[in-house]
Amino acid sequence: MVAVVVLITAPEVVYSGPEDCCSYGDRMLIMGTWSNVWGKGDSKRRVIMAREIFEDLFSKYPEARELFRKVKIDEPESGEFQAHLVRVMNGIDIIVHLLNNSYILSEQLAHLGEKHELVPGMRKVYFEEIVRSVAKVFRQVDSCFNVASWNRCFEKFMIVLSAYVLPSKISYTPMPIQAYQSSSSKPSKGTDKLRKP
Ligand code: HEM
């Protein structure tokens with residue numbers, strides 16, 4: 001009997017996790033619209049969305065492109081680069097699907113934080129910006145995407161991830177911005193074809 005009570009009450013403790021501003025309603029809204037926008041997309045559509053998100057991020061922080069040399073950002077059509085885009089988006093997908101299980105979510109965020117801790121040149125602001133970029137692109141694709149709920153939940157998660165990226169670890173010197181002022185760094189209208197009629 002005691003064991004049953006403990007099992008039933010345990011989630012209450014678990015929910016006092018990093019998402020205290022991220023209500024149950026927020027989580028439900030995010031999961032619903034995420035599954036509409038991302039869950040129903042085929043791989044081509046997903047790559048377009050991911051690319052738009054990163055282009056939006058790079059339009060604000062062009063020097064961040066440099067971090068993706070290893071995954072062939074200079075060959076945007078390459079399997080390597082597209083696979084990376086999908087890896088990052090799948091990482092967000094995992095977070096979304098863990099919104100109601102903060103115990104596992106905390107571990108997943110810690111795991112992601114550790115991965116990014118090792119990335120030379122990684123900056124906290126990139127995490128903050130990608131939250132905005134995802135919201136911007138998803139809102140363009142689905143006008144029901146609730147940006148306020150998204151921000152309430154994801155801004156917190158990005159603070160957790162950012163904690164792994166200490167200023168002292170930044171050893172990277174950005175290239176001059178002019179080096180990136182090509183047409184490819186401008187935000188494109190790629191999401192036009194993804195929007196619902
Ligand atoms: C919620 C946001 C993010 C998620 C879920 C995410 C997820 C991931 C995942 C799953 C990997 C692959 C790890 C592995 O293969 O072991 C990765 C690697 C990486 N991420 Fe992120 N990421 C996020 C944000 C960012 C941002 C904002 C940047 C920089 C602007 C970034 C830069 C990188 C880089 C440079 C790598 C390593 C690429 C390589 O293999 O060389 N990530 N990320």
# chains A, B, ... in the order shown; residues from 1 in each chain; ligands from 1

$ residues_around --residues "A:Glu128" --least-positions-apart "6" --cutoff "9 Å" --atoms "only C-alpha atoms" --output "PyMOL selection string"
chain A and resi 154-155+158-159+162

$ residues_around --residues "A:Ile92" --least-positions-apart "2" --cutoff "12 Å" --atoms "only C-alpha atoms" --output "PyMOL selection string"
chain A and resi 30-31+34-35+38-39+50+85-90+94-99+105+108-109+112+127+130-131+134+150+154+157-158

$ atom_distance --atom1 "atom CA of A:Val125" --atom2 "atom CA of A:Arg46"
24.1 Å

$ residues_around --residues "A:Met49" --least-positions-apart "2" --cutoff "10 Å" --atoms "only C-alpha atoms" --output "PyMOL selection string"
chain A and resi 37-38+41+43-47+51-55+85-86+89+134+137-138+141+190-191+194

$ closest_residue --among "A:Tyr164, A:Phe145, A:Tyr126, A:Tyr24" --to "A:Leu57" --atoms "only C-alpha atoms"
A:Tyr126

$ residues_around --residues "A:Glu107" --least-positions-apart "3" --cutoff "12 Å" --atoms "only C-alpha atoms" --output "MDAnalysis selection string"
chainID A and resid 17:18 94:95 98 101:104 110:114 157 160:161

$ write_last_selection --atoms "C-alpha atoms" --output "compact mmCIF listing (two decimals), in the first residue's frame"
# COMPACT_ATOMS: atom_id res chain seq x y z
CA GLY A 17 11.90 20.69 -12.53
CA PRO A 18 13.37 23.32 -14.80
CA ILE A 94 13.10 14.52 -28.15
CA ILE A 95 12.80 17.53 -25.82
CA LEU A 98 9.79 14.67 -22.87
CA ASN A 101 8.60 13.87 -17.95
CA SER A 102 10.96 16.39 -16.43
CA TYR A 103 12.98 13.66 -14.73
CA ILE A 104 14.16 12.24 -18.06
CA ALA A 110 22.37 17.57 -19.42
CA HIS A 111 23.42 15.16 -22.17
CA LEU A 112 22.89 17.82 -24.86
CA GLY A 113 24.69 20.39 -22.75
CA GLU A 114 27.71 18.10 -22.45
CA PHE A 157 15.67 24.75 -21.32
CA VAL A 160 20.07 24.86 -18.78
CA LEU A 161 21.98 24.10 -21.99

$ residues_around --residues "A:Cys153" --least-positions-apart "2" --cutoff "8 Å" --atoms "only C-alpha atoms" --output "PyMOL selection string"
chain A and resi 19+21-22+26-27+149-151+155-157

$ closest_residue --among "A:Arg152, A:Arg123, A:Arg132, A:Lys40" --to "ligand 1" --atoms "only C-alpha atoms and all ligand atoms"
A:Arg123

$ closest_residue --among "A:Asn146, A:Gln140, A:Ser78, A:Ser133" --to "ligand 1" --atoms "only C-alpha atoms and all ligand atoms"
A:Ser133

$ closest_residue --among "A:Asp142, A:Glu129, A:Asp42, A:Glu77" --to "ligand 1" --atoms "only C-alpha atoms and all ligand atoms"
A:Glu129

$ decode --residues "stretch 23-70 of chain A" --atoms "N, CA and C atoms" --output "JSON list (two decimals), in the first residue's frame"
[["chain", "number", "residue", "atom", "x", "y", "z"],
["A", 23, "SER", "N", 3.74, 25.76, -18.13],
["A", 23, "SER", "CA", 2.58, 25.08, -17.53],
["A", 23, "SER", "C", 2.19, 23.83, -18.30],
["A", 24, "TYR", "N", 1.29, 23.08, -17.70],
["A", 24, "TYR", "CA", 0.76, 21.89, -18.38],
["A", 24, "TYR", "C", 0.12, 22.30, -19.71],
["A", 25, "GLY", "N", -0.64, 23.41, -19.66],
["A", 25, "GLY", "CA", -1.28, 23.91, -20.89],
["A", 25, "GLY", "C", -0.25, 24.27, -21.95],
["A", 26, "ASP", "N", 0.82, 24.92, -21.54],
["A", 26, "ASP", "CA", 1.89, 25.27, -22.49],
["A", 26, "ASP", "C", 2.44, 24.02, -23.16],
["A", 27, "ARG", "N", 2.70, 23.01, -22.31],
["A", 27, "ARG", "CA", 3.30, 21.78, -22.85],
["A", 27, "ARG", "C", 2.37, 21.08, -23.83],
["A", 28, "MET", "N", 1.07, 21.09, -23.50],
["A", 28, "MET", "CA", 0.10, 20.45, -24.40],
["A", 28, "MET", "C", 0.05, 21.19, -25.74],
["A", 29, "LEU", "N", 0.04, 22.53, -25.66],
["A", 29, "LEU", "CA", -0.02, 23.32, -26.90],
["A", 29, "LEU", "C", 1.21, 23.07, -27.76],
["A", 30, "ILE", "N", 2.37, 23.03, -27.12],
["A", 30, "ILE", "CA", 3.61, 22.81, -27.87],
["A", 30, "ILE", "C", 3.58, 21.43, -28.53],
["A", 31, "MET", "N", 3.20, 20.42, -27.75],
["A", 31, "MET", "CA", 3.22, 19.05, -28.30],
["A", 31, "MET", "C", 2.24, 18.92, -29.46],
["A", 32, "GLY", "N", 1.08, 19.59, -29.32],
["A", 32, "GLY", "CA", 0.07, 19.51, -30.39],
["A", 32, "GLY", "C", 0.55, 20.15, -31.68],
["A", 33, "THR", "N", 1.04, 21.39, -31.58],
["A", 33, "THR", "CA", 1.43, 22.07, -32.82],
["A", 33, "THR", "C", 2.75, 21.50, -33.36],
["A", 34, "TRP", "N", 3.61, 21.03, -32.45],
["A", 34, "TRP", "CA", 4.86, 20.43, -32.92],
["A", 34, "TRP", "C", 4.54, 19.21, -33.79],
["A", 35, "SER", "N", 3.57, 18.43, -33.33],
["A", 35, "SER", "CA", 3.27, 17.23, -34.12],
["A", 35, "SER", "C", 2.63, 17.61, -35.45],
["A", 36, "ASN", "N", 1.91, 18.72, -35.50],
["A", 36, "ASN", "CA", 1.34, 19.17, -36.79],
["A", 36, "ASN", "C", 2.43, 19.62, -37.76],
["A", 37, "VAL", "N", 3.37, 20.38, -37.22],
["A", 37, "VAL", "CA", 4.37, 20.99, -38.11],
["A", 37, "VAL", "C", 5.52, 20.02, -38.41],
["A", 38, "TRP", "N", 6.04, 19.40, -37.37],
["A", 38, "TRP", "CA", 7.23, 18.56, -37.54],
["A", 38, "TRP", "C", 6.87, 17.09, -37.75],
["A", 39, "GLY", "N", 5.93, 16.62, -36.90],
["A", 39, "GLY", "CA", 5.59, 15.19, -36.91],
["A", 39, "GLY", "C", 5.06, 14.71, -38.25],
["A", 40, "LYS", "N", 4.34, 15.59, -38.97],
["A", 40, "LYS", "CA", 3.73, 15.15, -40.22],
["A", 40, "LYS", "C", 4.62, 15.38, -41.44],
["A", 41, "GLY", "N", 5.77, 15.98, -41.20],
["A", 41, "GLY", "CA", 6.62, 16.31, -42.35],
["A", 41, "GLY", "C", 7.43, 15.12, -42.84],
["A", 42, "ASP", "N", 7.59, 15.03, -44.19],
["A", 42, "ASP", "CA", 8.53, 14.02, -44.69],
["A", 42, "ASP", "C", 9.94, 14.59, -44.57],
["A", 43, "SER", "N", 10.95, 13.79, -44.92],
["A", 43, "SER", "CA", 12.31, 14.23, -44.65],
["A", 43, "SER", "C", 12.68, 15.48, -45.45],
["A", 44, "LYS", "N", 12.11, 15.62, -46.67],
["A", 44, "LYS", "CA", 12.44, 16.79, -47.49],
["A", 44, "LYS", "C", 11.91, 18.07, -46.83],
["A", 45, "ARG", "N", 10.66, 17.97, -46.40],
["A", 45, "ARG", "CA", 10.03, 19.10, -45.73],
["A", 45, "ARG", "C", 10.77, 19.45, -44.43],
["A", 46, "ARG", "N", 11.20, 18.44, -43.72],
["A", 46, "ARG", "CA", 11.92, 18.66, -42.47],
["A", 46, "ARG", "C", 13.25, 19.37, -42.71],
["A", 47, "VAL", "N", 13.93, 18.95, -43.76],
["A", 47, "VAL", "CA", 15.22, 19.58, -44.05],
["A", 47, "VAL", "C", 15.01, 21.05, -44.42],
["A", 48, "ILE", "N", 13.94, 21.34, -45.18],
["A", 48, "ILE", "CA", 13.67, 22.74, -45.54],
["A", 48, "ILE", "C", 13.44, 23.57, -44.28],
["A", 49, "MET", "N", 12.65, 23.04, -43.37],
["A", 49, "MET", "CA", 12.37, 23.79, -42.14],
["A", 49, "MET", "C", 13.64, 23.99, -41.32],
["A", 50, "ALA", "N", 14.41, 22.92, -41.18],
["A", 50, "ALA", "CA", 15.65, 23.01, -40.39],
["A", 50, "ALA", "C", 16.59, 24.04, -41.00],
["A", 51, "ARG", "N", 16.67, 24.03, -42.32],
["A", 51, "ARG", "CA", 17.57, 24.97, -43.01],
["A", 51, "ARG", "C", 17.11, 26.41, -42.77],
["A", 52, "GLU", "N", 15.81, 26.63, -42.84],
["A", 52, "GLU", "CA", 15.27, 27.97, -42.59],
["A", 52, "GLU", "C", 15.61, 28.44, -41.18],
["A", 53, "ILE", "N", 15.52, 27.51, -40.24],
["A", 53, "ILE", "CA", 15.82, 27.86, -38.84],
["A", 53, "ILE", "C", 17.29, 28.27, -38.71],
["A", 54, "PHE", "N", 18.17, 27.49, -39.32],
["A", 54, "PHE", "CA", 19.59, 27.82, -39.21],
["A", 54, "PHE", "C", 19.93, 29.09, -40.00],
["A", 55, "GLU", "N", 19.27, 29.28, -41.15],
["A", 55, "GLU", "CA", 19.53, 30.52, -41.91],
["A", 55, "GLU", "C", 19.11, 31.73, -41.08],
["A", 56, "ASP", "N", 18.01, 31.59, -40.37],
["A", 56, "ASP", "CA", 17.55, 32.69, -39.52],
["A", 56, "ASP", "C", 18.58, 32.97, -38.41],
["A", 57, "LEU", "N", 19.10, 31.90, -37.82],
["A", 57, "LEU", "CA", 20.13, 32.04, -36.79],
["A", 57, "LEU", "C", 21.39, 32.70, -37.37],
["A", 58, "PHE", "N", 21.80, 32.25, -38.56],
["A", 58, "PHE", "CA", 23.02, 32.79, -39.17],
["A", 58, "PHE", "C", 22.83, 34.24, -39.62],
["A", 59, "SER", "N", 21.58, 34.63, -39.93],
["A", 59, "SER", "CA", 21.37, 36.02, -40.34],
["A", 59, "SER", "C", 21.69, 36.95, -39.17],
["A", 60, "LYS", "N", 21.53, 36.47, -37.95],
["A", 60, "LYS", "CA", 21.87, 37.29, -36.78],
["A", 60, "LYS", "C", 23.32, 37.04, -36.34],
["A", 61, "TYR", "N", 23.77, 35.78, -36.41],
["A", 61, "TYR", "CA", 25.14, 35.46, -35.98],
["A", 61, "TYR", "C", 25.87, 34.74, -37.12],
["A", 62, "PRO", "N", 26.31, 35.50, -38.14],
["A", 62, "PRO", "CA", 26.94, 34.86, -39.31],
["A", 62, "PRO", "C", 28.17, 34.03, -38.95],
["A", 63, "GLU", "N", 28.86, 34.44, -37.90],
["A", 63, "GLU", "CA", 30.09, 33.72, -37.54],
["A", 63, "GLU", "C", 29.81, 32.30, -37.05],
["A", 64, "ALA", "N", 28.55, 32.03, -36.68],
["A", 64, "ALA", "CA", 28.21, 30.69, -36.17],
["A", 64, "ALA", "C", 28.30, 29.62, -37.26],
["A", 65, "ARG", "N", 28.27, 30.07, -38.54],
["A", 65, "ARG", "CA", 28.43, 29.11, -39.65],
["A", 65, "ARG", "C", 29.73, 28.31, -39.50],
["A", 66, "GLU", "N", 30.73, 29.01, -38.98],
["A", 66, "GLU", "CA", 32.06, 28.41, -38.87],
["A", 66, "GLU", "C", 32.04, 27.12, -38.06],
["A", 67, "LEU", "N", 31.11, 27.03, -37.11],
["A", 67, "LEU", "CA", 31.04, 25.85, -36.24],
["A", 67, "LEU", "C", 30.66, 24.59, -37.01],
["A", 68, "PHE", "N", 30.06, 24.79, -38.17],
["A", 68, "PHE", "CA", 29.50, 23.64, -38.90],
["A", 68, "PHE", "C", 30.34, 23.21, -40.09],
["A", 69, "ARG", "N", 31.60, 23.67, -40.12],
["A", 69, "ARG", "CA", 32.50, 23.28, -41.23],
["A", 69, "ARG", "C", 32.63, 21.76, -41.32],
["A", 70, "LYS", "N", 32.79, 21.15, -40.13],
["A", 70, "LYS", "CA", 33.03, 19.70, -40.09],
["A", 70, "LYS", "C", 31.86, 18.92, -40.70]]
